[in-house]
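Next comes my_file22.pdb, with PDB, C-alpha atoms.
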ATOM      1  CA  MET D   1     116.301  92.773  64.863  1.00  0.00           C
ATOM      2  CA  GLN D   2     115.177  91.844  68.374  1.00  0.00           C
ATOM      3  CA  SER D   3     117.350  88.723  68.382  1.00  0.00           C
ATOM      4  CA  PHE D   4     120.401  90.824  67.399  1.00  0.00           C
ATOM      5  CA  VAL D   5     119.800  93.182  70.332  1.00  0.00           C
ATOM      6  CA  GLU D   6     119.446  90.189  72.661  1.00  0.00           C
ATOM      7  CA  GLU D   7     122.673  88.621  71.352  1.00  0.00           C
ATOM      8  CA  LEU D   8     124.562  91.916  71.649  1.00  0.00           C
ATOM      9  CA  ALA D   9     123.313  92.479  75.198  1.00  0.00           C
ATOM     10  CA  LEU D  10     124.366  88.968  76.186  1.00  0.00           C
ATOM     11  CA  CYS D  11     127.780  89.397  74.542  1.00  0.00           C
ATOM     12  CA  VAL D  12     128.419  92.690  76.348  1.00  0.00           C
ATOM     13  CA  ALA D  13     127.191  91.355  79.696  1.00  0.00           C
ATOM     14  CA  ALA D  14     129.232  88.146  79.429  1.00  0.00           C
ATOM     15  CA  ASN D  15     132.454  89.650  78.087  1.00  0.00           C
ATOM     16  CA  GLY D  16     132.524  93.162  79.533  1.00  0.00           C
ATOM     17  CA  VAL D  17     135.054  92.336  82.233  1.00  0.00           C
ATOM     18  CA  LYS D  18     136.723  89.432  80.433  1.00  0.00           C
ATOM     19  CA  GLY D  19     137.852  90.989  77.172  1.00  0.00           C
ATOM     20  CA  PRO D  20     137.085  91.288  73.447  1.00  0.00           C
ATOM     21  CA  ALA D  21     134.641  88.963  71.723  1.00  0.00           C
ATOM     22  CA  LEU D  22     133.524  88.174  68.186  1.00  0.00           C
ATOM     23  CA  LEU D  23     129.804  87.654  67.594  1.00  0.00           C
ATOM     24  CA  TRP D  24     128.113  86.048  64.605  1.00  0.00           C
ATOM     25  CA  SER D  25     124.355  86.406  64.893  1.00  0.00           C
ATOM     26  CA  GLU D  26     122.483  83.102  65.011  1.00  0.00           C
ATOM     27  CA  ASP D  27     119.493  84.684  63.268  1.00  0.00           C
ATOM     28  CA  PRO D  28     119.998  84.585  59.480  1.00  0.00           C
ATOM     29  CA  THR D  29     117.698  87.603  59.059  1.00  0.00           C
ATOM     30  CA  THR D  30     119.917  89.934  61.125  1.00  0.00           C
ATOM     31  CA  LEU D  31     122.342  91.045  58.406  1.00  0.00           C
ATOM     32  CA  PRO D  32     119.588  91.660  55.807  1.00  0.00           C
ATOM     33  CA  ALA D  33     117.653  93.661  58.436  1.00  0.00           C
ATOM     34  CA  LEU D  34     120.733  95.761  59.267  1.00  0.00           C
ATOM     35  CA  LEU D  35     121.395  96.333  55.567  1.00  0.00           C
ATOM     36  CA  GLY D  36     117.757  97.356  55.076  1.00  0.00           C
ATOM     37  CA  MET D  37     117.926 100.209  57.586  1.00  0.00           C
ATOM     38  CA  SER D  38     118.131 103.656  56.068  1.00  0.00           C
ATOM     39  CA  ARG D  39     121.582 105.148  56.396  1.00  0.00           C
ATOM     40  CA  PRO D  40     123.385 108.241  55.271  1.00  0.00           C
ATOM     41  CA  ALA D  41     124.982 108.311  51.859  1.00  0.00           C
ATOM     42  CA  ARG D  42     128.614 107.306  51.688  1.00  0.00           C
ATOM     43  CA  PRO D  43     130.634 110.523  52.060  1.00  0.00           C
ATOM     44  CA  GLU D  44     133.034 111.642  49.371  1.00  0.00           C
ATOM     45  CA  PRO D  45     136.576 110.338  49.884  1.00  0.00           C
ATOM     46  CA  GLY D  46     138.440 112.574  52.289  1.00  0.00           C
ATOM     47  CA  ALA D  47     135.200 114.087  53.672  1.00  0.00           C
ATOM     48  CA  GLY D  48     135.422 112.141  56.932  1.00  0.00           C
ATOM     49  CA  SER D  49     134.477 108.520  57.269  1.00  0.00           C
ATOM     50  CA  SER D  50     132.307 108.442  60.404  1.00  0.00           C
ATOM     51  CA  VAL D  51     128.747 109.821  60.475  1.00  0.00           C
ATOM     52  CA  PRO D  52     125.961 109.578  63.062  1.00  0.00           C
ATOM     53  CA  GLY D  53     123.461 106.749  62.681  1.00  0.00           C
ATOM     54  CA  GLY D  54     119.943 107.314  61.384  1.00  0.00           C
ATOM     55  CA  PRO D  55     116.475 106.553  62.776  1.00  0.00           C
ATOM     56  CA  GLY D  56     116.821 102.763  62.455  1.00  0.00           C
ATOM     57  CA  THR D  57     120.112 102.630  64.288  1.00  0.00           C
ATOM     58  CA  GLU D  58     118.814 105.040  66.928  1.00  0.00           C
ATOM     59  CA  GLU D  59     116.022 102.554  67.716  1.00  0.00           C
ATOM     60  CA  LEU D  60     118.546  99.711  67.838  1.00  0.00           C
ATOM     61  CA  ALA D  61     120.814 101.751  70.132  1.00  0.00           C
ATOM     62  CA  ALA D  62     117.911 102.738  72.393  1.00  0.00           C
ATOM     63  CA  GLU D  63     116.763  99.127  72.797  1.00  0.00           C
ATOM     64  CA  LEU D  64     120.294  97.925  73.540  1.00  0.00           C
ATOM     65  CA  GLY D  65     120.672 100.801  76.011  1.00  0.00           C
ATOM     66  CA  ARG D  66     117.450  99.810  77.808  1.00  0.00           C
ATOM     67  CA  ARG D  67     118.662  96.226  78.161  1.00  0.00           C
ATOM     68  CA  LEU D  68     122.111  97.225  79.427  1.00  0.00           C
ATOM     69  CA  GLN D  69     120.981 100.332  81.333  1.00  0.00           C
ATOM     70  CA  LEU D  70     123.497 102.428  79.410  1.00  0.00           C
ATOM     71  CA  ARG D  71     123.372 105.239  76.872  1.00  0.00           C
ATOM     72  CA  VAL D  72     124.212 103.910  73.418  1.00  0.00           C
ATOM     73  CA  ARG D  73     125.152 106.088  70.434  1.00  0.00           C
ATOM     74  CA  SER D  74     125.289 104.767  66.893  1.00  0.00           C
ATOM     75  CA  SER D  75     127.441 105.798  63.964  1.00  0.00           C
ATOM     76  CA  TYR D  76     128.447 104.506  60.570  1.00  0.00           C
ATOM     77  CA  ARG D  77     132.044 104.314  59.415  1.00  0.00           C
ATOM     78  CA  PHE D  78     132.648 104.204  55.667  1.00  0.00           C
ATOM     79  CA  LEU D  79     136.008 102.918  54.428  1.00  0.00           C
ATOM     80  CA  SER D  80     137.064 103.021  50.786  1.00  0.00           C
ATOM     81  CA  ALA D  81     139.159 100.380  49.081  1.00  0.00           C
ATOM     82  CA  GLY D  82     142.782 101.139  49.838  1.00  0.00           C
ATOM     83  CA  SER D  83     141.950 103.332  52.835  1.00  0.00           C
ATOM     84  CA  PRO D  84     144.901 104.054  55.084  1.00  0.00           C
ATOM     85  CA  VAL D  85     145.040 102.464  58.520  1.00  0.00           C
ATOM     86  CA  THR D  86     142.117 103.764  60.590  1.00  0.00           C
ATOM     87  CA  GLU D  87     142.138 103.979  64.362  1.00  0.00           C
ATOM     88  CA  GLY D  88     139.074 103.235  66.451  1.00  0.00           C
ATOM     89  CA  ALA D  89     139.482 105.534  69.412  1.00  0.00           C
ATOM     90  CA  PRO D  90     137.406 104.799  72.494  1.00  0.00           C
ATOM     91  CA  ARG D  91     134.303 106.999  72.459  1.00  0.00           C
ATOM     92  CA  GLY D  92     132.585 105.433  75.418  1.00  0.00           C
ATOM     93  CA  ALA D  93     132.988 102.738  77.990  1.00  0.00           C
ATOM     94  CA  GLU D  94     132.748  99.970  75.388  1.00  0.00           C
ATOM     95  CA  SER D  95     131.875  99.605  71.707  1.00  0.00           C
ATOM     96  CA  THR D  96     130.638  97.127  69.162  1.00  0.00           C
ATOM     97  CA  VAL D  97     131.690  97.196  65.514  1.00  0.00           C
ATOM     98  CA  THR D  98     129.514  95.343  62.992  1.00  0.00           C
ATOM     99  CA  VAL D  99     130.683  94.890  59.404  1.00  0.00           C
ATOM    100  CA  LEU D 100     127.678  95.465  57.155  1.00  0.00           C
ATOM    101  CA  GLU D 101     129.451  95.335  53.799  1.00  0.00           C
ATOM    102  CA  GLY D 102     133.010  94.514  52.825  1.00  0.00           C
ATOM    103  CA  ALA D 103     135.788  93.327  55.112  1.00  0.00           C
ATOM    104  CA  CYS D 104     138.864  94.607  56.910  1.00  0.00           C
ATOM    105  CA  ARG D 105     141.646  93.461  59.176  1.00  0.00           C
ATOM    106  CA  CYS D 106     141.230  94.512  62.798  1.00  0.00           C
ATOM    107  CA  VAL D 107     143.934  94.537  65.459  1.00  0.00           C
ATOM    108  CA  LEU D 108     142.899  95.206  69.057  1.00  0.00           C
ATOM    109  CA  SER D 109     145.200  96.498  71.730  1.00  0.00           C
ATOM    110  CA  ARG D 110     144.987  97.970  75.186  1.00  0.00           C
ATOM    111  CA  ILE D 111     144.994 101.752  75.256  1.00  0.00           C
ATOM    112  CA  GLY D 112     148.582 102.953  75.450  1.00  0.00           C
ATOM    113  CA  GLU D 113     150.089  99.798  73.926  1.00  0.00           C
ATOM    114  CA  ASP D 114     151.407  99.787  70.390  1.00  0.00           C
ATOM    115  CA  PRO D 115     149.237  97.428  68.344  1.00  0.00           C
ATOM    116  CA  ALA D 116     151.540  95.063  66.492  1.00  0.00           C
ATOM    117  CA  PRO D 117     150.634  95.335  62.794  1.00  0.00           C
ATOM    118  CA  ARG D 118     151.710  91.756  62.049  1.00  0.00           C
ATOM    119  CA  PRO D 119     149.348  88.888  61.164  1.00  0.00           C
ATOM    120  CA  SER D 120     150.454  86.903  64.192  1.00  0.00           C
ATOM    121  CA  HIS D 121     149.162  89.499  66.664  1.00  0.00           C
ATOM    122  CA  PRO D 122     147.067  87.563  69.190  1.00  0.00           C
ATOM    123  CA  LEU D 123     144.165  89.998  68.939  1.00  0.00           C
ATOM    124  CA  GLY D 124     144.218  90.411  65.165  1.00  0.00           C
ATOM    125  CA  MET D 125     141.479  89.091  62.890  1.00  0.00           C
ATOM    126  CA  ARG D 126     139.762  89.584  59.562  1.00  0.00           C
ATOM    127  CA  LEU D 127     136.260  90.978  60.045  1.00  0.00           C
ATOM    128  CA  ARG D 128     133.773  90.133  57.317  1.00  0.00           C
ATOM    129  CA  SER D 129     130.219  91.121  56.507  1.00  0.00           C
ATOM    130  CA  GLY D 130     127.907  90.000  59.310  1.00  0.00           C
ATOM    131  CA  GLY D 131     130.544  89.845  62.054  1.00  0.00           C
ATOM    132  CA  THR D 132     130.380  91.985  65.189  1.00  0.00           C
ATOM    133  CA  LEU D 133     133.380  92.742  67.356  1.00  0.00           C
ATOM    134  CA  PHE D 134     132.907  93.695  71.009  1.00  0.00           C
ATOM    135  CA  VAL D 135     135.607  96.156  72.105  1.00  0.00           C
ATOM    136  CA  PRO D 136     135.766  96.316  75.913  1.00  0.00           C
ATOM    137  CA  ARG D 137     136.704  99.254  78.087  1.00  0.00           C
ATOM    138  CA  GLY D 138     140.409 100.060  77.953  1.00  0.00           C
ATOM    139  CA  HIS D 139     140.903  98.798  74.374  1.00  0.00           C
ATOM    140  CA  THR D 140     141.256 100.429  70.995  1.00  0.00           C
ATOM    141  CA  TYR D 141     141.322  98.978  67.494  1.00  0.00           C
ATOM    142  CA  ARG D 142     143.097  99.550  64.208  1.00  0.00           C
ATOM    143  CA  LEU D 143     141.449  98.774  60.849  1.00  0.00           C
ATOM    144  CA  SER D 144     143.519  98.010  57.754  1.00  0.00           C
ATOM    145  CA  GLU D 145     143.675  95.849  54.622  1.00  0.00           C
ATOM    146  CA  ILE D 146     140.498  97.285  53.111  1.00  0.00           C
ATOM    147  CA  TYR D 147     140.255  95.920  49.573  1.00  0.00           C
ATOM    148  CA  ALA D 148     136.615  96.817  48.823  1.00  0.00           C
ATOM    149  CA  PRO D 149     134.276  99.561  50.039  1.00  0.00           C
ATOM    150  CA  THR D 150     133.442  98.645  53.632  1.00  0.00           C
ATOM    151  CA  THR D 151     130.613  99.890  55.833  1.00  0.00           C
ATOM    152  CA  LEU D 152     130.669  99.485  59.613  1.00  0.00           C
ATOM    153  CA  LEU D 153     127.962 100.096  62.193  1.00  0.00           C
ATOM    154  CA  GLU D 154     129.486 101.217  65.473  1.00  0.00           C
ATOM    155  CA  LEU D 155     127.569 101.268  68.749  1.00  0.00           C
ATOM    156  CA  HIS D 156     129.251 103.235  71.540  1.00  0.00           C
ATOM    157  CA  LEU D 157     128.157 102.271  75.052  1.00  0.00           C
ATOM    158  CA  GLU D 158     128.350 105.010  77.655  1.00  0.00           C
ATOM    159  CA  CYS D 159     127.692 104.955  81.375  1.00  0.00           C
ATOM    160  CA  PRO D 160     124.511 106.877  82.257  1.00  0.00           C
ATOM    161  CA  ASP D 161     124.842 110.187  84.071  1.00  0.00           C
TER     162      ASP D 161
END
This entry written out as structure tokens:
Amino acid sequence: MQSFVEELALCVAANGVKGPALLWSEDPTTLPALLGMSRPARPEPGAGSSVPGGPGTEELAAELGRRLQLRVRSSYRFLSAGSPVTEGAPRGAESTVTVLEGACRCVLSRIGEDPAPRPSHPLGMRLRSGGTLFVPRGHTYRLSEIYAPTTLLELHLECPD
């Protein structure tokens, strides 16, 4: 898990002022380690899809926060097959979204701009299990085309008080 924290910290530091980035961990043990962390049960459909992270993700968030000198909050987002379009509203200065299971289409846009829901959108991509998207300050994202149950780990980076 240490290598994942290092890669995330590097990604945030390198891309924070430049723009969005997609990260695939070089360590093949990262995804199995993330999947092995205890997490809340998938909520019933319609019960709300985002829940706070558990002890494992709190440790991950704390370590990333120490490296970046930021507060980091973790949460899980559970999407069911056929879920309607889901917005990722900014909840901090920046965020990372890691697909643990499943896949979805993600379209990024600047806050206040209408994200074009067409495949040719320059900031649109298909996120698959193991991929992490860095969402910089001033951006939001829209998730769609969810064909199988999908679990996301979101880390919200906040400036310290």
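In terms of minimum interatomic distance to Ala9 of chain D, D:Gly65 ranks closest within D:Gly65, D:Gly124, D:Pro149, D:Gly102, counting all atoms listed in the file.
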With only C-alpha atoms as the basis for distance, which of D:Met125, D:Ile146, D:Leu70, D:Leu153 is at the shortest distance from Leu22 of chain D?
-> D:Met125
Sel. within 8 Å of pt (119.0, 111.9, 58.1), counting all atoms listed in the file, output as an NGL selection string = :D and (39-40 or 54-55)
On this structure, the PyMOL selection byres ((chain D and resi 6) around 12) would catch which residues? List them as a CSV table (one decimal) with C-alpha atoms, in the frame of the given file, sorted by chain and number.
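This went into selection.csv:
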chain,number,residue,atom,x,y,z
D,1,MET,CA,116.3,92.8,64.9
D,2,GLN,CA,115.2,91.8,68.4
D,3,SER,CA,117.4,88.7,68.4
D,4,PHE,CA,120.4,90.8,67.4
D,5,VAL,CA,119.8,93.2,70.3
D,7,GLU,CA,122.7,88.6,71.4
D,8,LEU,CA,124.6,91.9,71.6
D,9,ALA,CA,123.3,92.5,75.2
D,10,LEU,CA,124.4,89.0,76.2
D,11,CYS,CA,127.8,89.4,74.5
D,12,VAL,CA,128.4,92.7,76.3
D,13,ALA,CA,127.2,91.4,79.7
D,23,LEU,CA,129.8,87.7,67.6
D,25,SER,CA,124.4,86.4,64.9
D,26,GLU,CA,122.5,83.1,65.0
D,27,ASP,CA,119.5,84.7,63.3
D,30,THR,CA,119.9,89.9,61.1
D,60,LEU,CA,118.5,99.7,67.8
D,61,ALA,CA,120.8,101.8,70.1
D,63,GLU,CA,116.8,99.1,72.8
D,64,LEU,CA,120.3,97.9,73.5
D,65,GLY,CA,120.7,100.8,76.0
D,66,ARG,CA,117.4,99.8,77.8
D,67,ARG,CA,118.7,96.2,78.2
D,68,LEU,CA,122.1,97.2,79.4
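Of note, atom CA of Thr150 of chain D and atom CA of Ala14 of chain D are spaced 28.2 Å apart.
Once the PyMOL selection byres ((chain D and resi 99) around 8) is applied to the shown structure, the selection contains Val97, Thr98, Leu100, Glu101, Gly102, Ala103, Leu127, Arg128, Ser129, Gly130, Gly131, Thr132, Thr150, Thr151, Leu152 and Leu153 of chain D.
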Please produce an output containing C-alpha atoms for each residue in the selection, written as a PDB file, in the coordinates of the input.
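again28.pdb, freshly written:
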ATOM      1  CA  VAL D  97     131.690  97.196  65.514  1.00  0.00           C
ATOM      2  CA  THR D  98     129.514  95.343  62.992  1.00  0.00           C
ATOM      3  CA  LEU D 100     127.678  95.465  57.155  1.00  0.00           C
ATOM      4  CA  GLU D 101     129.451  95.335  53.799  1.00  0.00           C
ATOM      5  CA  GLY D 102     133.010  94.514  52.825  1.00  0.00           C
ATOM      6  CA  ALA D 103     135.788  93.327  55.112  1.00  0.00           C
ATOM      7  CA  LEU D 127     136.260  90.978  60.045  1.00  0.00           C
ATOM      8  CA  ARG D 128     133.773  90.133  57.317  1.00  0.00           C
ATOM      9  CA  SER D 129     130.219  91.121  56.507  1.00  0.00           C
ATOM     10  CA  GLY D 130     127.907  90.000  59.310  1.00  0.00           C
ATOM     11  CA  GLY D 131     130.544  89.845  62.054  1.00  0.00           C
ATOM     12  CA  THR D 132     130.380  91.985  65.189  1.00  0.00           C
ATOM     13  CA  THR D 150     133.442  98.645  53.632  1.00  0.00           C
ATOM     14  CA  THR D 151     130.613  99.890  55.833  1.00  0.00           C
ATOM     15  CA  LEU D 152     130.669  99.485  59.613  1.00  0.00           C
ATOM     16  CA  LEU D 153     127.962 100.096  62.193  1.00  0.00           C
TER      17      LEU D 153
END
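Every residue that the PyMOL selection byres ((chain D and resi 156-158) around 6) selects in this file is listed here: D:Leu70, D:Arg71, D:Val72, D:Arg73, D:Gly92, D:Ala93, D:Glu94, D:Ser95, D:Leu155, D:Cys159.
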Radius query 12 Å about (145.4, 98.5, 58.7), atoms used: all atoms listed in the file, as an mmCIF file with C-alpha atoms, keeping the file's coordinate frame:
data_model
loop_
_atom_site.group_PDB
_atom_site.id
_atom_site.type_symbol
_atom_site.label_atom_id
_atom_site.label_comp_id
_atom_site.auth_asym_id
_atom_site.auth_seq_id
_atom_site.Cartn_x
_atom_site.Cartn_y
_atom_site.Cartn_z
ATOM 1 C CA LEU D 79 136.008 102.918 54.428
ATOM 2 C CA ALA D 81 139.159 100.380 49.081
ATOM 3 C CA GLY D 82 142.782 101.139 49.838
ATOM 4 C CA SER D 83 141.950 103.332 52.835
ATOM 5 C CA PRO D 84 144.901 104.054 55.084
ATOM 6 C CA VAL D 85 145.040 102.464 58.520
ATOM 7 C CA THR D 86 142.117 103.764 60.590
ATOM 8 C CA GLU D 87 142.138 103.979 64.362
ATOM 9 C CA GLY D 88 139.074 103.235 66.451
ATOM 10 C CA ALA D 103 135.788 93.327 55.112
ATOM 11 C CA CYS D 104 138.864 94.607 56.910
ATOM 12 C CA ARG D 105 141.646 93.461 59.176
ATOM 13 C CA CYS D 106 141.230 94.512 62.798
ATOM 14 C CA VAL D 107 143.934 94.537 65.459
ATOM 15 C CA LEU D 108 142.899 95.206 69.057
ATOM 16 C CA PRO D 115 149.237 97.428 68.344
ATOM 17 C CA ALA D 116 151.540 95.063 66.492
ATOM 18 C CA PRO D 117 150.634 95.335 62.794
ATOM 19 C CA ARG D 118 151.710 91.756 62.049
ATOM 20 C CA PRO D 119 149.348 88.888 61.164
ATOM 21 C CA GLY D 124 144.218 90.411 65.165
ATOM 22 C CA MET D 125 141.479 89.091 62.890
ATOM 23 C CA ARG D 126 139.762 89.584 59.562
ATOM 24 C CA LEU D 127 136.260 90.978 60.045
ATOM 25 C CA TYR D 141 141.322 98.978 67.494
ATOM 26 C CA ARG D 142 143.097 99.550 64.208
ATOM 27 C CA LEU D 143 141.449 98.774 60.849
ATOM 28 C CA SER D 144 143.519 98.010 57.754
ATOM 29 C CA GLU D 145 143.675 95.849 54.622
ATOM 30 C CA ILE D 146 140.498 97.285 53.111
ATOM 31 C CA TYR D 147 140.255 95.920 49.573
#
Please give the centre and size of the box around segment 143-156 of chain D (axis-aligned, containing every atom listed in the file, 8 Å added per side), with values in Å to one decimal and written as JSON.
{"center_x": 135.6, "center_y": 99.5, "center_z": 60.2, "size_x": 32.1, "size_y": 23.4, "size_z": 38.7}
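Checking D:Val51, D:Met37, D:Ile111, D:Ala148 one by one against Val135 of chain D, counting only C-alpha atoms, you find the shortest gap at D:Ile111.
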Residue with the minimum atom-to-atom distance to Thr57 of chain D, picked from D:Pro43, D:Gly112, D:Gly36, D:Gly16 with all atoms listed in the file counted, is D:Gly36
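Compared by their closest atoms to Leu123 of chain D, and using all atoms listed in the file, the residues D:Arg77, D:Leu31, D:Ser109, D:Pro136 rank with D:Ser109 nearest.
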In Å, how far is it from atom CA of Glu154 of chain D to atom CA of Asn15 of chain D?
-> 17.4 Å
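With atom CA of Phe134 of chain D on one side and atom CA of Pro32 of chain D on the other, the separation reads 20.3 Å.
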Residue rebuild result segment 16-34 of chain D, N, CA, C and O atoms as a JSON list (two decimals), in the frame of the given file:
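The file below, out-v7.json, is the result:
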[["chain", "number", "residue", "atom", "x", "y", "z"],
["D", 16, "GLY", "N", 132.13, 91.82, 79.12],
["D", 16, "GLY", "CA", 132.52, 93.16, 79.53],
["D", 16, "GLY", "C", 133.76, 93.22, 80.39],
["D", 16, "GLY", "O", 134.61, 94.07, 80.20],
["D", 17, "VAL", "N", 133.89, 92.32, 81.35],
["D", 17, "VAL", "CA", 135.05, 92.34, 82.23],
["D", 17, "VAL", "C", 136.12, 91.33, 81.80],
["D", 17, "VAL", "O", 137.22, 91.35, 82.33],
["D", 18, "LYS", "N", 135.78, 90.48, 80.85],
["D", 18, "LYS", "CA", 136.72, 89.43, 80.43],
["D", 18, "LYS", "C", 137.62, 89.86, 79.28],
["D", 18, "LYS", "O", 138.76, 89.48, 79.21],
["D", 19, "GLY", "N", 137.06, 90.58, 78.31],
["D", 19, "GLY", "CA", 137.85, 90.99, 77.17],
["D", 19, "GLY", "C", 137.06, 91.01, 75.88],
["D", 19, "GLY", "O", 135.84, 90.84, 75.87],
["D", 20, "PRO", "N", 137.74, 91.20, 74.75],
["D", 20, "PRO", "CA", 137.08, 91.29, 73.45],
["D", 20, "PRO", "C", 136.35, 90.00, 73.09],
["D", 20, "PRO", "O", 136.67, 88.92, 73.60],
["D", 21, "ALA", "N", 135.38, 90.13, 72.19],
["D", 21, "ALA", "CA", 134.64, 88.96, 71.72],
["D", 21, "ALA", "C", 134.18, 89.20, 70.30],
["D", 21, "ALA", "O", 133.95, 90.34, 69.89],
["D", 22, "LEU", "N", 134.04, 88.12, 69.55],
["D", 22, "LEU", "CA", 133.52, 88.17, 68.19],
["D", 22, "LEU", "C", 132.17, 87.49, 68.18],
["D", 22, "LEU", "O", 132.01, 86.39, 68.71],
["D", 23, "LEU", "N", 131.18, 88.15, 67.61],
["D", 23, "LEU", "CA", 129.80, 87.65, 67.59],
["D", 23, "LEU", "C", 129.34, 87.48, 66.16],
["D", 23, "LEU", "O", 129.47, 88.39, 65.34],
["D", 24, "TRP", "N", 128.80, 86.31, 65.87],
["D", 24, "TRP", "CA", 128.11, 86.05, 64.60],
["D", 24, "TRP", "C", 126.68, 85.76, 64.98],
["D", 24, "TRP", "O", 126.41, 84.79, 65.69],
["D", 25, "SER", "N", 125.75, 86.57, 64.53],
["D", 25, "SER", "CA", 124.36, 86.41, 64.89],
["D", 25, "SER", "C", 123.84, 85.03, 64.46],
["D", 25, "SER", "O", 124.13, 84.56, 63.36],
["D", 26, "GLU", "N", 123.08, 84.40, 65.34],
["D", 26, "GLU", "CA", 122.48, 83.10, 65.01],
["D", 26, "GLU", "C", 121.29, 83.26, 64.09],
["D", 26, "GLU", "O", 120.90, 82.31, 63.42],
["D", 27, "ASP", "N", 120.69, 84.43, 64.08],
["D", 27, "ASP", "CA", 119.49, 84.68, 63.27],
["D", 27, "ASP", "C", 119.92, 85.08, 61.85],
["D", 27, "ASP", "O", 120.56, 86.11, 61.66],
["D", 28, "PRO", "N", 119.57, 84.27, 60.86],
["D", 28, "PRO", "CA", 120.00, 84.58, 59.48],
["D", 28, "PRO", "C", 119.35, 85.84, 58.90],
["D", 28, "PRO", "O", 119.78, 86.33, 57.87],
["D", 29, "THR", "N", 118.34, 86.39, 59.57],
["D", 29, "THR", "CA", 117.70, 87.60, 59.06],
["D", 29, "THR", "C", 118.35, 88.88, 59.59],
["D", 29, "THR", "O", 117.99, 89.97, 59.18],
["D", 30, "THR", "N", 119.31, 88.75, 60.51],
["D", 30, "THR", "CA", 119.92, 89.93, 61.12],
["D", 30, "THR", "C", 120.64, 90.80, 60.11],
["D", 30, "THR", "O", 120.39, 92.01, 60.03],
["D", 31, "LEU", "N", 121.58, 90.23, 59.35],
["D", 31, "LEU", "CA", 122.34, 91.04, 58.41],
["D", 31, "LEU", "C", 121.43, 91.70, 57.37],
["D", 31, "LEU", "O", 121.55, 92.91, 57.14],
["D", 32, "PRO", "N", 120.49, 90.97, 56.74],
["D", 32, "PRO", "CA", 119.59, 91.66, 55.81],
["D", 32, "PRO", "C", 118.79, 92.79, 56.47],
["D", 32, "PRO", "O", 118.56, 93.84, 55.86],
["D", 33, "ALA", "N", 118.39, 92.60, 57.73],
["D", 33, "ALA", "CA", 117.65, 93.66, 58.44],
["D", 33, "ALA", "C", 118.55, 94.87, 58.67],
["D", 33, "ALA", "O", 118.11, 96.02, 58.50],
["D", 34, "LEU", "N", 119.80, 94.64, 59.06],
["D", 34, "LEU", "CA", 120.73, 95.76, 59.27],
["D", 34, "LEU", "C", 121.00, 96.49, 57.95],
["D", 34, "LEU", "O", 121.07, 97.71, 57.91]]
